[in-house]
Each structure stands twice: as C-alpha cells, then as structure tokens.
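Q: To be precise about what I am sending: the file is called upload03.csv and holds CSV, C-alpha atoms and all ligand atoms.
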chain,number,residue,atom,x,y,z
I,1,MET,CA,0.0,0.0,0.0
I,2,THR,CA,1.4,3.4,-0.9
I,3,HIS,CA,1.1,6.3,1.5
I,4,MET,CA,-1.4,8.0,-0.9
I,5,GLU,CA,-4.0,5.2,-0.6
I,6,GLU,CA,-3.3,4.6,3.1
I,7,LYS,CA,-6.5,4.0,5.1
I,8,ARG,CA,-7.3,6.9,7.4
I,9,ILE,CA,-7.8,4.8,10.4
I,10,PRO,CA,-4.4,4.5,12.2
I,11,GLN,CA,-3.2,0.9,12.4
I,12,HIS,CA,-1.5,1.5,15.7
I,13,VAL,CA,-2.6,4.0,18.3
I,14,SER,CA,-0.4,4.5,21.4
I,15,ILE,CA,-1.4,6.4,24.5
I,16,ILE,CA,0.6,8.1,27.3
I,17,MET,CA,-2.1,8.0,30.0
I,18,ASP,CA,-1.4,11.1,32.1
I,19,GLY,CA,-3.2,13.2,34.7
I,20,ASN,CA,-4.7,10.6,37.1
I,21,GLY,CA,-3.0,12.3,40.1
I,22,ARG,CA,-4.3,15.8,39.1
I,23,TRP,CA,-7.8,14.5,38.4
I,24,ALA,CA,-7.9,13.1,42.0
I,25,ARG,CA,-6.4,16.2,43.5
I,26,GLU,CA,-9.1,18.3,41.8
I,27,ARG,CA,-11.6,16.2,43.8
I,28,GLY,CA,-9.7,16.4,47.0
I,29,ARG,CA,-8.9,12.7,46.8
I,30,GLU,CA,-5.8,10.5,46.9
I,31,ARG,CA,-3.9,9.9,43.7
I,32,VAL,CA,-5.0,6.2,43.8
I,33,TYR,CA,-8.6,7.4,43.3
I,34,GLY,CA,-7.5,8.8,39.9
I,35,HIS,CA,-5.8,5.6,38.9
I,36,LYS,CA,-8.9,3.6,39.6
I,37,HIS,CA,-11.0,5.9,37.4
I,38,GLY,CA,-8.1,5.6,34.8
I,39,VAL,CA,-8.8,1.9,34.5
I,40,GLU,CA,-12.3,2.8,33.3
I,41,SER,CA,-10.7,4.9,30.5
I,42,VAL,CA,-8.6,2.0,29.6
I,43,ARG,CA,-11.7,-0.1,29.1
I,44,ALA,CA,-13.5,2.7,27.1
I,45,CYS,CA,-10.6,3.3,24.8
I,46,THR,CA,-10.1,-0.4,24.2
I,47,GLU,CA,-13.7,-0.7,23.1
I,48,ALA,CA,-13.6,2.4,21.0
I,49,ALA,CA,-10.4,1.2,19.3
I,50,VAL,CA,-11.9,-2.2,18.5
I,51,GLU,CA,-15.1,-0.5,17.1
I,52,ALA,CA,-13.0,1.9,14.9
I,53,GLY,CA,-11.0,-1.0,13.4
I,54,VAL,CA,-7.7,0.0,15.0
I,55,LYS,CA,-5.4,-3.1,15.0
I,56,TYR,CA,-3.0,-2.2,17.8
I,57,LEU,CA,-3.7,-0.1,20.9
I,58,SER,CA,-0.8,0.4,23.2
I,59,LEU,CA,-0.8,2.0,26.6
I,60,PHE,CA,2.1,3.4,28.6
I,61,ALA,CA,0.9,2.1,32.0
I,62,PHE,CA,4.1,2.1,34.1
I,63,SER,CA,7.6,3.4,33.2
I,64,GLU,CA,10.9,2.3,34.6
I,65,GLU,CA,11.0,5.7,36.3
I,66,ASN,CA,7.6,5.1,38.0
I,67,TRP,CA,9.4,2.6,40.3
I,68,GLY,CA,10.6,5.7,42.1
I,69,ARG,CA,7.1,6.7,43.2
I,70,PRO,CA,6.0,6.1,46.8
I,71,GLU,CA,5.8,2.4,47.6
I,72,ALA,CA,2.1,2.5,48.4
I,73,GLU,CA,1.3,4.0,45.0
I,74,VAL,CA,3.4,1.5,43.2
I,75,THR,CA,1.7,-1.4,45.1
I,76,THR,CA,-1.7,0.0,44.3
I,77,LEU,CA,-0.9,0.4,40.6
I,78,MET,CA,0.3,-3.2,40.5
I,79,GLU,CA,-2.8,-4.4,42.3
I,80,LEU,CA,-5.0,-2.5,39.8
I,81,MET,CA,-3.2,-4.2,37.0
I,82,MET,CA,-3.7,-7.6,38.6
I,83,ASP,CA,-7.4,-6.9,39.2
I,84,ALA,CA,-7.9,-5.6,35.7
I,85,ILE,CA,-6.3,-8.7,34.2
I,86,ALA,CA,-8.5,-11.0,36.3
I,87,ARG,CA,-11.6,-9.1,35.5
I,88,GLU,CA,-11.2,-8.4,31.8
I,89,VAL,CA,-10.3,-11.8,30.4
I,90,ARG,CA,-13.9,-12.5,29.3
I,91,THR,CA,-14.4,-9.1,27.7
I,92,LEU,CA,-11.1,-9.4,25.8
I,93,MET,CA,-12.0,-12.8,24.5
I,94,ASP,CA,-15.5,-11.7,23.5
I,95,ASN,CA,-14.1,-8.7,21.6
I,96,GLY,CA,-11.3,-10.7,19.8
I,97,VAL,CA,-8.5,-8.9,21.7
I,98,ARG,CA,-5.0,-10.3,22.1
I,99,PHE,CA,-3.2,-9.1,25.2
I,100,VAL,CA,0.5,-8.4,25.3
I,101,VAL,CA,2.8,-6.9,27.9
I,102,ILE,CA,6.1,-5.3,27.0
I,103,GLY,CA,8.7,-4.1,29.4
I,104,ASN,CA,11.4,-5.1,31.8
I,105,ARG,CA,9.4,-7.9,33.3
I,106,LYS,CA,12.2,-9.0,35.6
I,107,ARG,CA,11.2,-6.1,37.9
I,108,LEU,CA,7.6,-7.3,38.2
I,109,SER,CA,6.4,-9.7,41.0
I,110,ASP,CA,6.2,-13.4,40.3
I,111,LYS,CA,2.4,-13.2,40.9
I,112,LEU,CA,1.9,-10.4,38.4
I,113,ASN,CA,4.1,-12.1,35.8
I,114,GLN,CA,2.1,-15.3,36.2
I,115,ALA,CA,-1.2,-13.5,35.7
I,116,ILE,CA,0.2,-11.7,32.7
I,117,ASP,CA,1.5,-15.0,31.1
I,118,GLY,CA,-1.9,-16.5,31.8
I,119,LEU,CA,-3.8,-13.8,30.0
I,120,MET,CA,-1.3,-13.6,27.1
I,121,GLU,CA,-1.6,-17.4,26.6
I,122,GLU,CA,-5.4,-17.3,26.8
I,123,THR,CA,-5.8,-14.5,24.3
I,124,ALA,CA,-2.9,-15.5,22.0
I,125,GLY,CA,-5.2,-16.6,19.2
I,126,GLN,CA,-7.4,-13.4,19.1
I,127,GLN,CA,-7.1,-11.5,15.9
I,128,ARG,CA,-9.3,-8.4,15.9
I,129,MET,CA,-7.0,-6.2,17.8
I,130,THR,CA,-3.8,-6.4,19.9
I,131,LEU,CA,-3.8,-4.5,23.2
I,132,VAL,CA,-0.2,-3.8,24.3
I,133,VAL,CA,0.4,-2.7,27.8
I,134,PHE,CA,3.8,-1.2,28.4
I,135,LEU,CA,4.8,-2.1,32.0
I,136,SER,CA,8.2,-1.2,33.5
I,137,TYR,CA,9.1,0.1,30.1
I,138,SER,CA,11.3,2.9,29.0
I,139,GLY,CA,12.6,3.8,25.5
I,140,LYS,CA,16.2,4.1,26.6
I,141,TRP,CA,16.0,0.7,28.3
I,142,ASP,CA,14.7,-0.9,25.1
I,143,LEU,CA,17.3,0.8,22.9
I,144,LEU,CA,20.1,-0.3,25.2
I,145,GLN,CA,19.0,-3.9,25.5
I,146,ALA,CA,18.7,-4.1,21.7
I,147,ALA,CA,22.1,-2.5,21.2
I,148,LYS,CA,23.7,-5.1,23.6
I,149,GLU,CA,21.9,-7.9,21.8
I,150,LEU,CA,23.2,-6.7,18.5
I,151,ALA,CA,26.7,-6.5,19.9
I,152,ARG,CA,26.4,-10.1,21.3
I,153,ARG,CA,25.0,-11.4,18.1
I,154,HIS,CA,27.8,-10.0,16.1
I,155,ALA,CA,30.7,-10.6,18.6
I,156,GLY,CA,33.7,-11.5,16.5
I,157,ASP,CA,31.8,-10.7,13.3
I,158,PRO,CA,32.7,-7.1,12.4
I,159,GLU,CA,31.4,-7.4,8.9
I,160,GLY,CA,28.0,-8.6,10.2
I,161,LEU,CA,27.9,-5.7,12.6
I,162,GLU,CA,28.8,-3.2,9.9
I,163,ALA,CA,26.0,-4.7,7.7
I,164,ALA,CA,23.4,-4.5,10.4
I,165,ASP,CA,20.4,-2.3,9.3
I,166,ALA,CA,17.3,-0.7,10.8
I,167,ALA,CA,15.3,-3.9,10.1
I,168,GLU,CA,17.7,-6.0,12.1
I,169,PHE,CA,17.7,-3.5,15.0
I,170,ASP,CA,13.9,-3.4,14.9
I,171,SER,CA,13.8,-7.2,15.4
I,172,LEU,CA,15.8,-6.9,18.6
I,173,LEU,CA,13.6,-4.3,20.2
I,174,ALA,CA,11.1,-5.4,22.8
I,175,THR,CA,8.4,-4.2,20.4
I,176,ALA,CA,9.6,-6.5,17.6
I,177,GLY,CA,6.7,-7.6,15.4
I,178,ILE,CA,4.5,-4.7,16.4
I,179,PRO,CA,4.2,-2.0,13.8
I,180,ASP,CA,5.4,1.5,14.8
I,181,PRO,CA,2.6,3.7,16.2
I,182,ASP,CA,0.8,5.9,13.6
I,183,LEU,CA,-0.7,8.1,16.3
I,184,LEU,CA,0.6,8.9,19.8
I,185,ILE,CA,-1.9,10.5,22.2
I,186,ARG,CA,-0.8,12.2,25.4
I,187,THR,CA,-3.4,13.4,27.8
I,188,SER,CA,-3.3,16.1,30.5
I,189,GLY,CA,-1.6,18.9,28.6
I,190,GLU,CA,2.0,17.7,28.9
I,191,GLN,CA,3.8,17.8,25.6
I,192,ARG,CA,6.8,15.4,25.8
I,193,ILE,CA,7.7,11.8,25.2
I,194,SER,CA,8.9,11.0,28.7
I,195,ASN,CA,11.2,8.1,27.7
I,196,PHE,CA,8.4,6.2,26.0
I,197,LEU,CA,8.8,4.8,22.4
I,198,LEU,CA,11.9,6.6,21.0
I,199,TRP,CA,13.1,4.7,17.9
I,200,GLN,CA,9.5,3.6,17.1
I,201,CYS,CA,8.1,7.2,17.0
I,202,ALA,CA,10.3,8.3,14.1
I,203,TYR,CA,7.2,9.1,11.9
I,204,THR,CA,4.4,9.0,14.4
I,205,GLU,CA,1.8,11.8,14.5
I,206,PHE,CA,1.6,13.3,18.0
I,207,TYR,CA,-1.8,14.4,19.5
I,208,PHE,CA,-1.9,16.3,22.7
I,209,THR,CA,-5.0,17.1,24.7
I,210,ASP,CA,-5.7,18.8,28.0
I,211,ILE,CA,-8.2,16.2,29.0
I,212,LEU,CA,-7.0,14.3,32.1
I,213,TRP,CA,-6.8,10.5,31.6
I,214,PRO,CA,-9.7,9.6,33.8
I,215,ASP,CA,-11.9,11.8,31.7
I,216,PHE,CA,-10.5,10.5,28.4
I,217,ARG,CA,-13.4,8.3,27.2
I,218,LYS,CA,-14.8,7.1,23.9
I,219,GLU,CA,-15.7,10.5,22.5
I,220,ALA,CA,-12.3,11.9,23.2
I,221,PHE,CA,-10.7,8.8,21.6
I,222,ARG,CA,-12.8,9.3,18.5
I,223,ALA,CA,-11.9,13.0,18.3
I,224,ALA,CA,-8.2,12.0,18.2
I,225,LEU,CA,-8.8,9.6,15.3
I,226,GLU,CA,-10.6,12.4,13.5
I,227,GLU,CA,-7.7,14.7,13.9
I,228,PHE,CA,-5.4,12.0,12.7
I,229,ALA,CA,-7.4,11.5,9.5
I,230,ARG,CA,-6.8,15.2,8.7
I,231,ARG,CA,-3.0,14.9,9.1
I,232,ASP,CA,-0.8,14.9,6.0
I,233,ARG,CA,1.9,12.2,6.4
I,234,ARG,CA,4.8,12.5,4.1
I,235,TYR,CA,7.6,10.4,5.7
I,236,GLY,CA,10.2,13.0,4.7
I,237,LYS,CA,9.1,12.9,1.1
I,238,VAL,CA,7.0,15.2,-1.1
I,239,LYS,CA,3.7,14.3,-2.4
I,301,LIG,C1,-0.4,8.9,34.9
I,301,LIG,O1,-1.0,9.7,35.8
I,301,LIG,C2,-0.9,7.5,35.1
I,301,LIG,C3,-0.1,6.4,35.5
I,301,LIG,C4,1.3,6.6,35.8
I,301,LIG,C5,-0.7,5.1,35.6
I,301,LIG,C6,-1.6,4.7,34.5
I,301,LIG,C7,-2.2,3.4,35.0
I,301,LIG,C8,-3.5,3.0,35.0
I,301,LIG,C9,-4.6,3.8,34.5
I,301,LIG,C10,-3.7,1.7,35.6
I,301,LIG,C11,-4.3,0.6,34.8
I,301,LIG,C12,-3.7,0.2,33.6
I,301,LIG,C13,-4.1,-0.9,32.9
I,301,LIG,C14,-3.5,-1.2,31.7
I,301,LIG,C15,-5.2,-1.8,33.4
I,301,LIG,P1,-0.1,10.5,36.9
I,301,LIG,O2,-0.2,9.7,38.2
I,301,LIG,O3,1.2,10.7,36.4
I,301,LIG,O4,-0.9,11.8,37.1
I,301,LIG,P2,-0.3,13.2,37.4
I,301,LIG,O5,0.6,13.6,36.3
I,301,LIG,O6,-1.6,14.1,37.4
I,301,LIG,O7,0.3,13.1,38.7
Just give me the structure of the file as structure tokens.

A:
Amino acid sequence: MTHMEEKRIPQHVSIIMDGNGRWARERGRERVYGHKHGVESVRACTEAAVEAGVKYLSLFAFSEENWGRPEAEVTTLMELMMDAIAREVRTLMDNGVRFVVIGNRKRLSDKLNQAIDGLMEETAGQQRMTLVVFLSYSGKWDLLQAAKELARRHAGDPEGLEAADAAEFDSLLATAGIPDPDLLIRTSGEQRISNFLLWQCAYTEFYFTDILWPDFRKEAFRAALEEFARRDRRYGKVK
C-alpha cells in the first residue's frame, strides 16, 4: 500500500495516559482514586479502538522511572493491574482482543508475571486487535538492551555488525513484530515523550489534549482519530 492510498484509520494508536493524580487532587482525593478511574478509561478506549478498526492499541501504563514513586502508590498500581487482568479476560475474549505486555518484566512480581502470562496465553489466538500494555518500560532501556543484543549477536563478526540495518535492529527491540505507532496520544496537557517509544516514533503523529486521563473516554478517543485523519503524512518525502 502506498502512502497515498493509506487508510485513514491508524493501524496502531499509542497512548501516554497522564493526569490521574491531578484528576484526583481536583476532587480532594488520593492519587490512587485517579488511577482507579483511569482503569475505566482503559476499558472505554479499548472498546472504541476495536469499534473503529484499530489493529493495535498500546498503553504506557508504568515506566521504569515510575518505580521511584511512593511504595504505596506502586503497590496499588500493580494491584489495579492484577485486578484488571483477572476481571477483563472475558471481555477481551468476547471482543477478539489479544493481550500483550512489553517491558522489563524482571522487575515485576512473580504473581503479576504469572497473571500476565496466563492472559497472554489465553488470548494469543485473538485477531481483531492487539492490546499492548507497556509495563516497567522505557525507551532508553529498550534501545540499550537491543544494542547489547546486536553486539552479542555479532561478537567476533565485524562485517556482520557493519551490515546491520534498521530492520535488524527493529527485530531486537522489545516491540519486535508490532508496527510503529501511527498516532501517539498524550493526555493532561503535557507535551513530551517521557522516555516512551523513541526509535519507534520516528514518523508518528503526535496528538496532545488537555483532558485528564480519567476523563478520556470514547468520544475523546474518536476525536483524536478524526484529527489523525486530517494529518498529512509525508515520511520525509514530497507528495
Ligand atoms: C499517569 O497519571 C498514570 C499512570 C502513571 C498510571 C496509569 C495506569 C493506569 C490507568 C492503571 C491501569 C492500567 C491498565 C493497563 C489496566 P499520573 O499519576 O502521572 O498523574 P499526574 O501527572 O496528574 O500526577
């Protein structure tokens, strides 16, 4: 497919879910209250993405840097993740959604890793959409682990290393096999990438909105898709 005839629905939508803490503070509540409502937005956006025909929806749920948050908040976020996994199996299966987790999983608890593996195995055959949850992920972590793997692979093979290309490097990233995002949404008014997908966002369209994540529901998701449809993607070329 050439870029001219490209369908106007993004194949891969990625979201930096931001603003849970501020949403809670506006209501005089603890940050955790915002995260809980944020889970509802995850459900709403997953549904909206499936309905729109998006093939990959990916969510930045927890960064490597987030480990530095207060222990109670980290624990709650992990528990929310566990609960969501346990609760959503049926819905994912009914909607044809495959579930994938990407990140530095060595840092996750055994219990969470088991729950993740279970859900990944159970939904492995689903083909309507892939829901990617980035957990304990950071862009620099991914680039570094891929670079090390490339070096190991070509140890004692300088010609092979010299011949290595972008496609080979792609295959070593934690996101291997997943197309680069066409659209990256960040909520809550912040306009930065915060060590999320670095290599993979080379030609991604960015969409920033002031809406806080717990308020980002179906209508807001559809508005982002509409804006994407109006963008003119040239990939460094001229039309
Ligand atoms: C950003 O808000 C949000 C997070 C760091 C966590 C997002 C996680 C969830 C919504 C939990 C569930 C996820 C899944 C996939 C089931 P913030 O805390 O940075 O807000 P602030 O910037 O206003 O402080």

Q: One decimal, in Å: what's the spacing between CA of Thr175 (chain I) and CA of Pro214 (chain I)?

A: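 According to the coordinates, CA of Thr175 (chain I) and CA of Pro214 (chain I) are separated by 26.4 Å.
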
Q: How would you report the residues lying within 6 Å of ligand LIG 301 (chain I), as a VMD selection string, if you count all atoms listed in the file?

A: chain I and resid 17 to 22 35 38 to 39 61 to 62 77 80 to 81 84 133

Q: Excluding region 104-113 of chain I and any residue of its chain fewer than 4 positions from it, enumerate the residues within 10 Å of it, using only C-alpha atoms, and give them as a tab-separated table (two decimals) with C-alpha atoms, keeping the file's coordinate frame.

A:
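Dumped to out.tsv:
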chain	number	residue	atom	x	y	z
I	63	SER	CA	7.60	3.40	33.20
I	64	GLU	CA	10.90	2.30	34.60
I	67	TRP	CA	9.40	2.60	40.30
I	78	MET	CA	0.30	-3.20	40.50
I	79	GLU	CA	-2.80	-4.40	42.30
I	81	MET	CA	-3.20	-4.20	37.00
I	82	MET	CA	-3.70	-7.60	38.60
I	83	ASP	CA	-7.40	-6.90	39.20
I	85	ILE	CA	-6.30	-8.70	34.20
I	117	ASP	CA	1.50	-15.00	31.10
I	118	GLY	CA	-1.90	-16.50	31.80
I	119	LEU	CA	-3.80	-13.80	30.00
I	134	PHE	CA	3.80	-1.20	28.40
I	135	LEU	CA	4.80	-2.10	32.00
I	136	SER	CA	8.20	-1.20	33.50
I	137	TYR	CA	9.10	0.10	30.10
I	138	SER	CA	11.30	2.90	29.00
I	141	TRP	CA	16.00	0.70	28.30
I	142	ASP	CA	14.70	-0.90	25.10
I	145	GLN	CA	19.00	-3.90	25.50
I	174	ALA	CA	11.10	-5.40	22.80

Q: I'd like the interatomic distance between CA of Glu40 (chain I) and CA of Asp94 (chain I), to a tenth of an Å.

A: 17.8 Å

Q: Return the single residue from I:Leu184, I:Ala72, I:Ala224, I:Ala48 that is closest to Cys201 (chain I), with distances computed using all atoms listed in the file.

A: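 So, comparing all the options, the nearest one is I:Leu184.
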
Q: Which residue, I:Glu30, I:Glu47, I:Glu168, I:Asp180, has the smallest gap to Leu150 (chain I) when you use all atoms listed in the file?

A: I:Glu168

Q: What separation in Å, quoted to one decimal, exists between CA of Gly189 (chain I) and CA of Ile211 (chain I)?

A: 7.1 Å

Q: Considering all atoms listed in the file, return as an NGL selection string whatever protein or nucleic-acid residues lie within 7 Å of Phe208 (chain I), sequence-local ones (same chain, fewer than 6 positions apart) excluded.

A: :I and (185-187 or 189 or 191)

Q: With only C-alpha atoms as the atoms that count, which of I:Leu225, I:Leu173, I:Ala166, I:Leu183 lies nearest to Ile102 (chain I)?

A: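 Using only C-alpha atoms, Ile102 (chain I) sits closest to I:Leu173.
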
Q: Taking the point (-9.1, -11.5, 15.2) as given in the file, collect each protein or nucleic acid residue that comes within 10 Å of it, counting only C-alpha atoms, and present the set as a PyMOL selection string.

A: chain I and resi 55+93+95-98+125-130

Q: For each of I:Ala124, I:Leu57, I:Val74, I:Leu144, take the minimum atom-to-atom distance to Pro179 (chain I), counting all atoms listed in the file, then give the residue where this is smallest.

A: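 For Pro179 (chain I), the nearest of the given residues is I:Leu57.
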
Q: Using only C-alpha atoms, which of I:Lys239, I:His154, I:Arg234, I:His12 sits nearest Val50 (chain I)?

A: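 Among the listed residues, the smallest separation from Val50 (chain I) belongs to I:His12.
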